[in-house]
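Notes for the one structure printed next.
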Number of protein chains: 2
Amino acid sequence: MLARPALSDAPVQSAHDRVYRGLRQQVMLGELAPGTALTLRGIGTSFGVSMTPAREAVRRLTAEGALTLSASGRITTPELSNERIEELASIRALLEPELASRALRRAHLALIDRMESINEANARAIHTQDPVAYIRTNLEFHRSLYLRAQSPAMLGLLETVWLQLGPTMRALYTRLRRTTAPPHHRLILEALRAGDDAALRLAVRTDVTQGLRHLQV
Amino acid sequence: MLARPALSDAPVQSAHDRVYRGLRQQVMLGELAPGTALTLRGIGTSFGVSMTPAREAVRRLTAEGALTLSASGRITTPELSNERIEELASIRALLEPELASRALRRAHLALIDRMESINEANARAIHTQDPVAYIRTNLEFHRSLYLRAQSPAMLGLLETVWLQLGPTMRALYTRLRRTTAPPHHRLILEALRAGDDAALRLAVRTDVTQGLRHLQV
DNA sequence: CATTCCGAAATGTGATCACAAACCGAGCGC
DNA sequence: GCGCTCGGTTTGTGATCACATTTCGGAATG
């Protein structure tokens with residue numbers, strides 16, 4: 001079908017992996033509203049593959065909480081209850097300060113500069129009212145820091161939490177209608193520059209909980 | 001046999017779900033040594049199904065970290081590096097005290113009694129040198145407490161950590177050759193009876209880290 | 001005796017098909 | 001007008017097949 005030169009770092013992408021990555025990104029970035037229905041045949045044709053790879057990708061994403069299967073096997077993006085949102089937020093509040101703290105020692109100036117530029121892109125996304133770009137830059141801001149923690153398992157767990165929150169994040173964003181950048185990003189950057197572990201943990205924690213705590217579906 | 005209320009309890013067991021549950025239990029309880037090779041056809045025939053449900057179960061378990069796929073797609077149980085074991089242990093040390101603390105308010109006397117009887121079964125498993133029974137009762141001890149936390153997402157994350165540690169736990173057990181029950185289980189029970197949150201968190205944390213911290217592959 | 005090479009066996013991948021269950025809307029009865 | 005039923009259509013599930021790739025043991029070679 002479509003031959004594509006691999007410009008990314010992944011050398012060979014099996015069909016189910018392409019589907020997995022594509023769907024995962026759509027879910028994590030909030031391109032799909034909560035409760036959106038998907039079908040194996042629809043996914044397959046939209047990615048140019050048969051049902052088999054689509055099924056494997058869905059099974060994988062369901063295991064990660066990115067998708068929900070009804071009792072009869074129908075596929076939807078998750079619709080989270082308020083309790084579930086609270087719980088996922090508290091998991092973020094548990095994991096992210098720990099990851100930030102672990103990254104603190106290894107956070108060189110180049111990283112902080114890069115986070116600063118990501119944060120500017122984040123502010124632009126807010127200004128242009130682009131929810132997907134806002135979510136993407138926000139996650140990139142956090143992930144670029146946590147990558148330095150050298151804790152792949154913990155980061156992996158956190159990403160599944162982000163995945164579960166993806167569709168809801170989009171819904172929350174449109175409800176919130178931000179006009180100004182999240183203030184805690186600046187605090188995070190300042191704590192990083194100062195090398196202040198306690199301040200960093202606190203800034204990350206409040207940044208994580210602030211967005212999710214009191215605006216719920 | 002004890003009922004095992006996991007995060008998803010479907011009354012109808014489709015073929016791939018039976019395979020998933022079966023393999024998951026084998027991995028989590030340490031019935032498979034690290035690096036054990038599996039094949040789709042082998043799994044299929046051993047569960048009396050074709051390759052298709054076996055593939056879905058493997059994909060699901062791989063997403064949870066219970067199995068590892070080589071670059072060419074071969075299926076093995078994970079062989080963890082020392083750093084990975086350390087990291088998973090620290091994740092347990094992060095999640096389990098939180099779950100215990102959340103369960104503390106709801107831990108009635110009936111629960112504590114049940115945990116005590118599970119702990120006795122755990123001691124018997126040590127006495128009879130039964131690694132699988134030891135791992136199972138140990139996990140049951142913790143899970144029966146954490147279920148009271150009413151935090152399904154957090155418990156789900158923790159179970160994927162247990163899954164990843166399953167094969168290694170077995171290897172560690174045979175290396176350790178315990179002859180006496182883990183002392184911290186008593187401390188956990190005492191803290192529960194006293195309603196002492198700080199003591200409970202500490203007891204759980206040390207129980208979790210003690211077994212994994214200093215005996216590595 | 002160790003190393004390399006080759007081919008048969010094994011293995012994962014993706015496509016296709018048959019089938020039962022679920023879903024949904026039109027039509028009917030009340 | 002409203003609820004229920006019934007039919008066609010959609011959808012997930014599992015089996016089977018063809019095929020490319022990997023794996024691995026043994027033979028050939030030095």
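Chain lettering (A, B, ...) mirrors the order of the structure tokens, residue numbering begins at 1 for each chain separately, and ligand numbering begins at 1 in order of display.
Proximity to DT16 in chain D at 12 Å, evaluated using only C-alpha atoms (C1' of nucleotides) and with sequence-adjacent residues fewer than 5 positions away removed, yields B:Ser50, B:Met51, B:Thr52, C:DA15, C:DT16, C:DC17, C:DA18.
Matched residue by residue and fitted by least squares, the Cα atoms of chain B sit at an RMSD of 3.7 Å from chain A.
When CA of Ala107 in chain B is paired with CA of Leu95 in chain B, their separation reads 17.7 Å.
Contacts from chain A to chain B at a cut-off of 8 Å (only C-alpha atoms) map to Arg55, Glu56, Arg59, Arg60, Leu61, Ala63, Glu64, Ala71, Arg84, Glu87, Leu88, Ile91, Leu94, Ser151, Ala153, Met154 and Leu157 of chain A.
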Exercise for review: Please provide as a ChimeraX atom specification all residues within 10 Å of range 190-197 of chain B, with the sequence filter that same-chain residues fewer than 2 positions apart are discarded (counting only C-alpha atoms (C1' of nucleotides)).
Suggested key: /B:97-98,100-105,107-109,111-112,145,184-188,199-204
For the residues in the current selection, export N, CA and C atoms as a PDB file, in the first residue's frame.
ATOM      1  N   PRO B  97       2.480   1.215  50.587  1.00  0.00           N
ATOM      2  CA  PRO B  97       2.109   1.951  51.806  1.00  0.00           C
ATOM      3  C   PRO B  97       0.899   2.856  51.581  1.00  0.00           C
ATOM      4  N   GLU B  98       0.815   3.456  50.406  1.00  0.00           N
ATOM      5  CA  GLU B  98      -0.340   4.297  50.115  1.00  0.00           C
ATOM      6  C   GLU B  98      -1.630   3.479  50.120  1.00  0.00           C
ATOM      7  N   ALA B 100      -2.127   0.627  51.619  1.00  0.00           N
ATOM      8  CA  ALA B 100      -2.389   0.174  52.992  1.00  0.00           C
ATOM      9  C   ALA B 100      -3.013   1.295  53.804  1.00  0.00           C
ATOM     10  N   SER B 101      -2.467   2.493  53.637  1.00  0.00           N
ATOM     11  CA  SER B 101      -2.996   3.610  54.398  1.00  0.00           C
ATOM     12  C   SER B 101      -4.453   3.885  54.041  1.00  0.00           C
ATOM     13  N   ARG B 102      -4.740   3.783  52.747  1.00  0.00           N
ATOM     14  CA  ARG B 102      -6.127   4.022  52.337  1.00  0.00           C
ATOM     15  C   ARG B 102      -7.066   2.949  52.864  1.00  0.00           C
ATOM     16  N   ALA B 103      -6.521   1.753  53.043  1.00  0.00           N
ATOM     17  CA  ALA B 103      -7.363   0.648  53.511  1.00  0.00           C
ATOM     18  C   ALA B 103      -7.559   0.688  55.016  1.00  0.00           C
ATOM     19  N   LEU B 104      -6.704   1.448  55.688  1.00  0.00           N
ATOM     20  CA  LEU B 104      -6.678   1.388  57.159  1.00  0.00           C
ATOM     21  C   LEU B 104      -8.039   1.706  57.764  1.00  0.00           C
ATOM     22  N   ARG B 105      -8.676   2.787  57.292  1.00  0.00           N
ATOM     23  CA  ARG B 105      -9.968   3.169  57.864  1.00  0.00           C
ATOM     24  C   ARG B 105     -10.989   2.043  57.733  1.00  0.00           C
ATOM     25  N   ALA B 107     -10.423  -1.206  57.434  1.00  0.00           N
ATOM     26  CA  ALA B 107      -9.980  -2.544  57.815  1.00  0.00           C
ATOM     27  C   ALA B 107     -10.668  -2.989  59.098  1.00  0.00           C
ATOM     28  N   HIS B 108     -11.765  -3.743  58.956  1.00  0.00           N
ATOM     29  CA  HIS B 108     -12.468  -4.220  60.136  1.00  0.00           C
ATOM     30  C   HIS B 108     -11.757  -5.439  60.711  1.00  0.00           C
ATOM     31  N   LEU B 109     -12.270  -5.890  61.826  1.00  0.00           N
ATOM     32  CA  LEU B 109     -11.628  -7.015  62.499  1.00  0.00           C
ATOM     33  C   LEU B 109     -11.694  -8.287  61.654  1.00  0.00           C
ATOM     34  N   LEU B 111     -11.457  -8.594  58.523  1.00  0.00           N
ATOM     35  CA  LEU B 111     -10.367  -8.585  57.547  1.00  0.00           C
ATOM     36  C   LEU B 111      -9.054  -8.966  58.209  1.00  0.00           C
ATOM     37  N   ILE B 112      -8.803  -8.392  59.352  1.00  0.00           N
ATOM     38  CA  ILE B 112      -7.537  -8.684  60.043  1.00  0.00           C
ATOM     39  C   ILE B 112      -7.459 -10.171  60.379  1.00  0.00           C
ATOM     40  N   LEU B 145      -5.658  -6.896  51.872  1.00  0.00           N
ATOM     41  CA  LEU B 145      -5.667  -5.582  52.534  1.00  0.00           C
ATOM     42  C   LEU B 145      -5.958  -4.468  51.531  1.00  0.00           C
ATOM     43  N   HIS B 184       7.665  -8.970  59.127  1.00  0.00           N
ATOM     44  CA  HIS B 184       6.938  -7.712  59.035  1.00  0.00           C
ATOM     45  C   HIS B 184       5.439  -7.908  58.897  1.00  0.00           C
ATOM     46  N   HIS B 185       5.031  -9.122  58.534  1.00  0.00           N
ATOM     47  CA  HIS B 185       3.594  -9.351  58.475  1.00  0.00           C
ATOM     48  C   HIS B 185       2.956  -9.149  59.851  1.00  0.00           C
ATOM     49  N   ARG B 186       3.661  -9.565  60.878  1.00  0.00           N
ATOM     50  CA  ARG B 186       3.139  -9.354  62.232  1.00  0.00           C
ATOM     51  C   ARG B 186       3.034  -7.856  62.531  1.00  0.00           C
ATOM     52  N   LEU B 187       4.039  -7.132  62.112  1.00  0.00           N
ATOM     53  CA  LEU B 187       4.007  -5.687  62.365  1.00  0.00           C
ATOM     54  C   LEU B 187       2.839  -5.032  61.632  1.00  0.00           C
ATOM     55  N   ILE B 188       2.596  -5.504  60.415  1.00  0.00           N
ATOM     56  CA  ILE B 188       1.472  -4.963  59.658  1.00  0.00           C
ATOM     57  C   ILE B 188       0.170  -5.215  60.410  1.00  0.00           C
ATOM     58  N   ALA B 199       2.845   3.729  61.475  1.00  0.00           N
ATOM     59  CA  ALA B 199       3.449   2.417  61.706  1.00  0.00           C
ATOM     60  C   ALA B 199       3.092   1.454  60.579  1.00  0.00           C
ATOM     61  N   LEU B 200       1.850   1.560  60.099  1.00  0.00           N
ATOM     62  CA  LEU B 200       1.434   0.676  59.015  1.00  0.00           C
ATOM     63  C   LEU B 200       2.235   0.941  57.755  1.00  0.00           C
ATOM     64  N   ARG B 201       2.339   2.210  57.393  1.00  0.00           N
ATOM     65  CA  ARG B 201       3.115   2.553  56.193  1.00  0.00           C
ATOM     66  C   ARG B 201       4.534   2.022  56.304  1.00  0.00           C
ATOM     67  N   LEU B 202       5.142   2.225  57.447  1.00  0.00           N
ATOM     68  CA  LEU B 202       6.527   1.788  57.626  1.00  0.00           C
ATOM     69  C   LEU B 202       6.630   0.265  57.548  1.00  0.00           C
ATOM     70  N   ALA B 203       5.697  -0.416  58.205  1.00  0.00           N
ATOM     71  CA  ALA B 203       5.752  -1.882  58.217  1.00  0.00           C
ATOM     72  C   ALA B 203       5.585  -2.441  56.813  1.00  0.00           C
ATOM     73  N   VAL B 204       4.645  -1.879  56.051  1.00  0.00           N
ATOM     74  CA  VAL B 204       4.437  -2.355  54.685  1.00  0.00           C
ATOM     75  C   VAL B 204       5.672  -2.071  53.842  1.00  0.00           C
TER      76      VAL B 204
END
**Study point:** Expected answer as number ranges by chain: chain B residues within 9 Å of chain C, only C-alpha atoms (C1' of nucleotides)
**Key:** B: 39-41, 72-74
Please report as a Markdown table every residue of chain D lying within 8 Å of chain B, along with the nearest atom pair and their distance in Å (one decimal), using only C-alpha atoms (C1' of nucleotides).
| residue | atom | partner | partner_atom | distance |
| --- | --- | --- | --- | --- |
| D:DG14 | C1' | B:Thr52 | CA | 6.6 |
| D:DA15 | C1' | B:Ser50 | CA | 6.5 |
| D:DT22 | C1' | B:Ser72 | CA | 7.3 |
Practice item. Any chance you could list, as an MDAnalysis selection string, the residues in range 78-172 of chain B that come up alpha helix (DSSP H) when DSSP is run on the backbone? Key: chainID B and resid 82:104 109:127 131:146 152:172
Expected file contents, prior selection, C-alpha atoms, as a PDB file, in the first residue's frame:
ATOM      1  CA  ASN B  82      19.356  -5.736  38.955  1.00  0.00           C
ATOM      2  CA  GLU B  83      18.465  -2.150  38.203  1.00  0.00           C
ATOM      3  CA  ARG B  84      15.017  -3.201  37.048  1.00  0.00           C
ATOM      4  CA  ILE B  85      14.441  -5.243  40.178  1.00  0.00           C
ATOM      5  CA  GLU B  86      15.494  -2.270  42.291  1.00  0.00           C
ATOM      6  CA  GLU B  87      13.157  -0.004  40.390  1.00  0.00           C
ATOM      7  CA  LEU B  88      10.184  -2.326  40.660  1.00  0.00           C
ATOM      8  CA  ALA B  89      10.862  -2.698  44.358  1.00  0.00           C
ATOM      9  CA  SER B  90      10.853   1.048  44.810  1.00  0.00           C
ATOM     10  CA  ILE B  91       7.564   1.250  42.927  1.00  0.00           C
ATOM     11  CA  ARG B  92       6.129  -1.276  45.332  1.00  0.00           C
ATOM     12  CA  ALA B  93       7.562   0.791  48.181  1.00  0.00           C
ATOM     13  CA  LEU B  94       5.732   3.775  46.790  1.00  0.00           C
ATOM     14  CA  LEU B  95       2.348   2.227  46.021  1.00  0.00           C
ATOM     15  CA  GLU B  96       1.833  -0.323  48.752  1.00  0.00           C
ATOM     16  CA  PRO B  97       2.109   1.951  51.806  1.00  0.00           C
ATOM     17  CA  GLU B  98      -0.340   4.297  50.115  1.00  0.00           C
ATOM     18  CA  LEU B  99      -2.791   1.476  49.460  1.00  0.00           C
ATOM     19  CA  ALA B 100      -2.389   0.174  52.992  1.00  0.00           C
ATOM     20  CA  SER B 101      -2.996   3.610  54.398  1.00  0.00           C
ATOM     21  CA  ARG B 102      -6.127   4.022  52.337  1.00  0.00           C
ATOM     22  CA  ALA B 103      -7.363   0.648  53.511  1.00  0.00           C
ATOM     23  CA  LEU B 104      -6.678   1.388  57.159  1.00  0.00           C
ATOM     24  CA  LEU B 109     -11.628  -7.015  62.499  1.00  0.00           C
ATOM     25  CA  ALA B 110     -12.925  -9.655  60.098  1.00  0.00           C
ATOM     26  CA  LEU B 111     -10.367  -8.585  57.547  1.00  0.00           C
ATOM     27  CA  ILE B 112      -7.537  -8.684  60.043  1.00  0.00           C
ATOM     28  CA  ASP B 113      -8.583 -12.174  61.073  1.00  0.00           C
ATOM     29  CA  ARG B 114      -8.593 -13.293  57.484  1.00  0.00           C
ATOM     30  CA  MET B 115      -5.169 -11.795  56.908  1.00  0.00           C
ATOM     31  CA  GLU B 116      -3.962 -13.644  59.970  1.00  0.00           C
ATOM     32  CA  SER B 117      -5.180 -16.956  58.596  1.00  0.00           C
ATOM     33  CA  ILE B 118      -3.589 -16.196  55.237  1.00  0.00           C
ATOM     34  CA  ASN B 119      -0.390 -15.458  57.079  1.00  0.00           C
ATOM     35  CA  GLU B 120      -0.581 -18.838  58.775  1.00  0.00           C
ATOM     36  CA  ALA B 121      -0.982 -20.499  55.389  1.00  0.00           C
ATOM     37  CA  ASN B 122       2.044 -18.490  54.331  1.00  0.00           C
ATOM     38  CA  ALA B 123       4.029 -19.878  57.249  1.00  0.00           C
ATOM     39  CA  ARG B 124       2.952 -23.405  56.334  1.00  0.00           C
ATOM     40  CA  ALA B 125       4.108 -22.849  52.761  1.00  0.00           C
ATOM     41  CA  ILE B 126       7.501 -21.841  54.105  1.00  0.00           C
ATOM     42  CA  HIS B 127       7.617 -24.928  56.281  1.00  0.00           C
ATOM     43  CA  PRO B 131       7.598 -21.645  46.557  1.00  0.00           C
ATOM     44  CA  VAL B 132       4.397 -21.205  44.582  1.00  0.00           C
ATOM     45  CA  ALA B 133       2.223 -21.500  47.675  1.00  0.00           C
ATOM     46  CA  TYR B 134       4.512 -19.076  49.464  1.00  0.00           C
ATOM     47  CA  ILE B 135       4.256 -16.481  46.715  1.00  0.00           C
ATOM     48  CA  ARG B 136       0.519 -16.967  46.396  1.00  0.00           C
ATOM     49  CA  THR B 137      -0.243 -16.578  50.083  1.00  0.00           C
ATOM     50  CA  ASN B 138       2.128 -13.649  50.350  1.00  0.00           C
ATOM     51  CA  LEU B 139       0.372 -11.829  47.516  1.00  0.00           C
ATOM     52  CA  GLU B 140      -3.013 -12.759  48.958  1.00  0.00           C
ATOM     53  CA  PHE B 141      -2.009 -11.265  52.286  1.00  0.00           C
ATOM     54  CA  HIS B 142      -1.218  -7.961  50.668  1.00  0.00           C
ATOM     55  CA  ARG B 143      -4.051  -7.944  48.164  1.00  0.00           C
ATOM     56  CA  SER B 144      -6.723  -8.733  50.726  1.00  0.00           C
ATOM     57  CA  LEU B 145      -5.667  -5.582  52.534  1.00  0.00           C
ATOM     58  CA  TYR B 146      -5.330  -3.382  49.472  1.00  0.00           C
ATOM     59  CA  PRO B 152      -8.913  -0.112  41.665  1.00  0.00           C
ATOM     60  CA  ALA B 153      -6.599   1.804  39.362  1.00  0.00           C
ATOM     61  CA  MET B 154      -3.783   1.871  41.877  1.00  0.00           C
ATOM     62  CA  LEU B 155      -4.248  -1.796  42.687  1.00  0.00           C
ATOM     63  CA  GLY B 156      -4.249  -2.555  38.970  1.00  0.00           C
ATOM     64  CA  LEU B 157      -0.925  -0.820  38.524  1.00  0.00           C
ATOM     65  CA  LEU B 158       0.499  -2.673  41.492  1.00  0.00           C
ATOM     66  CA  GLU B 159      -0.613  -6.011  40.059  1.00  0.00           C
ATOM     67  CA  THR B 160       1.280  -5.345  36.862  1.00  0.00           C
ATOM     68  CA  VAL B 161       4.359  -4.744  39.008  1.00  0.00           C
ATOM     69  CA  TRP B 162       3.766  -8.051  40.780  1.00  0.00           C
ATOM     70  CA  LEU B 163       3.384  -9.683  37.391  1.00  0.00           C
ATOM     71  CA  GLN B 164       6.718  -8.402  36.198  1.00  0.00           C
ATOM     72  CA  LEU B 165       8.361  -9.680  39.355  1.00  0.00           C
ATOM     73  CA  GLY B 166       6.687 -13.104  39.261  1.00  0.00           C
ATOM     74  CA  PRO B 167       9.361 -15.220  37.584  1.00  0.00           C
ATOM     75  CA  THR B 168      12.113 -13.421  39.475  1.00  0.00           C
ATOM     76  CA  MET B 169      10.341 -13.969  42.794  1.00  0.00           C
ATOM     77  CA  ARG B 170      10.535 -17.683  42.266  1.00  0.00           C
ATOM     78  CA  ALA B 171      14.227 -17.494  41.485  1.00  0.00           C
ATOM     79  CA  LEU B 172      14.812 -15.332  44.529  1.00  0.00           C
TER      80      LEU B 172
END
Exercise for review: From chain A, collect each residue whose DSSP state is strand (DSSP E or B) and return the set as a PyMOL selection string.
Suggested key: chain A and resi 37-38+68-69+75-76
Point to revise | Distance of CA of Ala149 in chain A from CA of Pro78 in chain B, expressed in Å to one decimal place | key: 22.2 Å
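Pairwise distance (CA of Gly44 in chain A, CA of Tyr20 in chain B) equals 23.8 Å.
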